[in-house]
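Novice: What follows is a structure written as structure tokens; I'll ask about it next.
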Amino acid sequence: MKNYIIILCFVFTSCGKIEIQSNENNKLKYDTVQNKEFVEIGNKNLPLTVFPKKWYVQADEEEISMSKKDSVNQNKMEQLDFFDEVHGKLISTDMYTMFLIDKSKNEKLDSLFLINSFSISNKEIFYVKYYKSLDDTNYDYPPKEKNIDILIFTEKKLRKRIPVYSNKSYPYAVEKKVGYLNKLGILHVKTFEIQEEGVIYVKEETIDCREYLK
């Protein structure tokens, strides 16, 4: 079974009020708090975590145990995954469907959670966590995906959507993107590809998200 893991990070900003339908069809108003800095999200150890160019997650068909070094690197990568540690308020999927799915790919938004909302420099910023599926007849079971995005609005219009976390589960592959955003708005990204024989550390990126506040 082949797995592909890609690790990435991103961030956004916005301000004001937004009206959202709750799961019980009650209208909830979220007053975004005026912040001077971003809200941290992700594992703060990501920027300082060092990986080799490649390590092995399993040895050939004989199922030889992983080496100690490979096991350490695998554990470090898994510890960067923060999706299950983030919680939010369940809200109606109707609110953000147009921003979060690609209808041309037959994507379906299954559930949506509001993690946080605040504003910086008159930009409204919303952190959302959601699950979606892909209606594809090429698979016996629809591929699943779980994500964390930051949405930036200017005067109630979406300016930018940046994925902070993404995990796409296919029958024979997993593609994962994970990132860390600090309070200054600096996003750190590490990219990995996990294949049958091992994990390849692809690259590291740093993104200044304050550019989206201009």
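Identifiers in this document derive from the order of the structure tokens: chains are assigned A, B, ..., residues are numbered from 1 separately in each chain, and ligands are numbered from 1 in order of occurrence.
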Just want the 8 Å neighbourhood of A:Ser169, counted on only C-alpha atoms, with same-chain residues fewer than 5 positions away dropped. Output as a list in words.
Specialist: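 The residues that qualify are Pro143, Lys144, Glu145, Val174 and Glu175 of chain A.
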Novice: Just the selected residues (C-alpha atoms), exported as a PDB file, in the first residue's frame, please.
Specialist:
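Final file, out.pdb:
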ATOM      1  CA  PRO A 143     -12.136   8.925  -0.737  1.00  0.00           C
ATOM      2  CA  LYS A 144     -12.263  10.958   2.481  1.00  0.00           C
ATOM      3  CA  GLU A 145     -10.505  14.183   3.356  1.00  0.00           C
ATOM      4  CA  VAL A 174      -2.665   9.117   1.831  1.00  0.00           C
ATOM      5  CA  GLU A 175      -1.695  12.693   1.051  1.00  0.00           C
TER       6      GLU A 175
END
Novice: Could you give me the residues within stretch 75-191 of chain A that DSSP places in strand (DSSP E), as an NGL selection string?
Specialist: :A and (89-91 or 107-120 or 123-134 or 144-154 or 157-170 or 173-181 or 186-191)
Novice: Within 12 Å of A:Lys168, counting only C-alpha atoms, which residues qualify if same-chain residues fewer than 2 places away don't, as a list of chain:residue names?
Specialist: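 Contacts, in chain order: A:Asn3, A:Tyr4, A:Ile5, A:Ile6, A:Ile7, A:Tyr131, A:Lys132, A:Ser133, A:Leu134, A:Pro142, A:Pro143, A:Lys144, A:Glu145, A:Lys146, A:Asn147, A:Tyr165, A:Ser166, A:Tyr170, A:Pro171, A:Tyr172, A:Ala173, A:Val174, A:Glu175, A:Lys176, A:Lys177, A:Val178.
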Novice: Residues near A:Met98, anyone? I mean within 12 Å using only C-alpha atoms, not counting same-chain ones fewer than 4 positions away, as number ranges by chain.
Specialist: A: 93-94, 102-104, 107-109, 157-158, 161
Novice: With only C-alpha atoms as the atoms that count, which of A:Ser92, A:Asn75, A:Asn106, A:Asn167 lies nearest to A:Trp55?
Specialist: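 Checking each of A:Ser92, A:Asn75, A:Asn106, A:Asn167 against A:Trp55, counting only C-alpha atoms, the winner is A:Asn75.
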Novice: Write out as a list in words each polymer residue whose atoms come within 10 Å of A:Tyr96, counting only C-alpha atoms; drop sequence neighbours fewer than 3 positions from it.
Specialist: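 The residues that qualify are Ile20, Ile91, Ser92, Thr93, Phe99, Leu100, Ile101, Leu109, Leu112, Val128 and Leu151 of chain A.
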Novice: Pick out the residues sitting within 9 Å of A:Asp81, and hand them over as a count of residues only; count only C-alpha atoms, and ignore anything fewer than 2 positions along from it in its own chain.
Specialist: 11
Novice: DSSP on the backbone: what in stretch 33-133 of chain A comes out alpha helix (DSSP H), as a VMD selection string?
Specialist: chain A and resid 68 to 79 97 to 100
Novice: Please identify all polymer residues within 7 Å of A:Asn35, counting only C-alpha atoms, omitting same-chain residues fewer than 3 positions from it, and present them as a ChimeraX atom specification.
Specialist: /A:118-120
Novice: May I ask for the distance between atom CA of A:Ser71 and atom CA of A:Tyr180, given in Å to one decimal place?
Specialist: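 Between atom CA of A:Ser71 and atom CA of A:Tyr180 the gap works out to 22.8 Å.
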Novice: Pick out the closest residue to A:Lys214 from this set: A:Leu114, A:Ser121, A:Thr97, A:Val86. Count only C-alpha atoms.
Specialist: A:Ser121
Novice: What is the distance between atom CA of A:Glu205 and atom CA of A:Asn182, in Å to one decimal?
Specialist: 14.0 Å
Novice: Find the residue from A:Ile41, A:Ile207, A:Asp136, A:Gly198 that sits nearest to A:Ile148; use only C-alpha atoms when measuring.
Specialist: A:Ile41
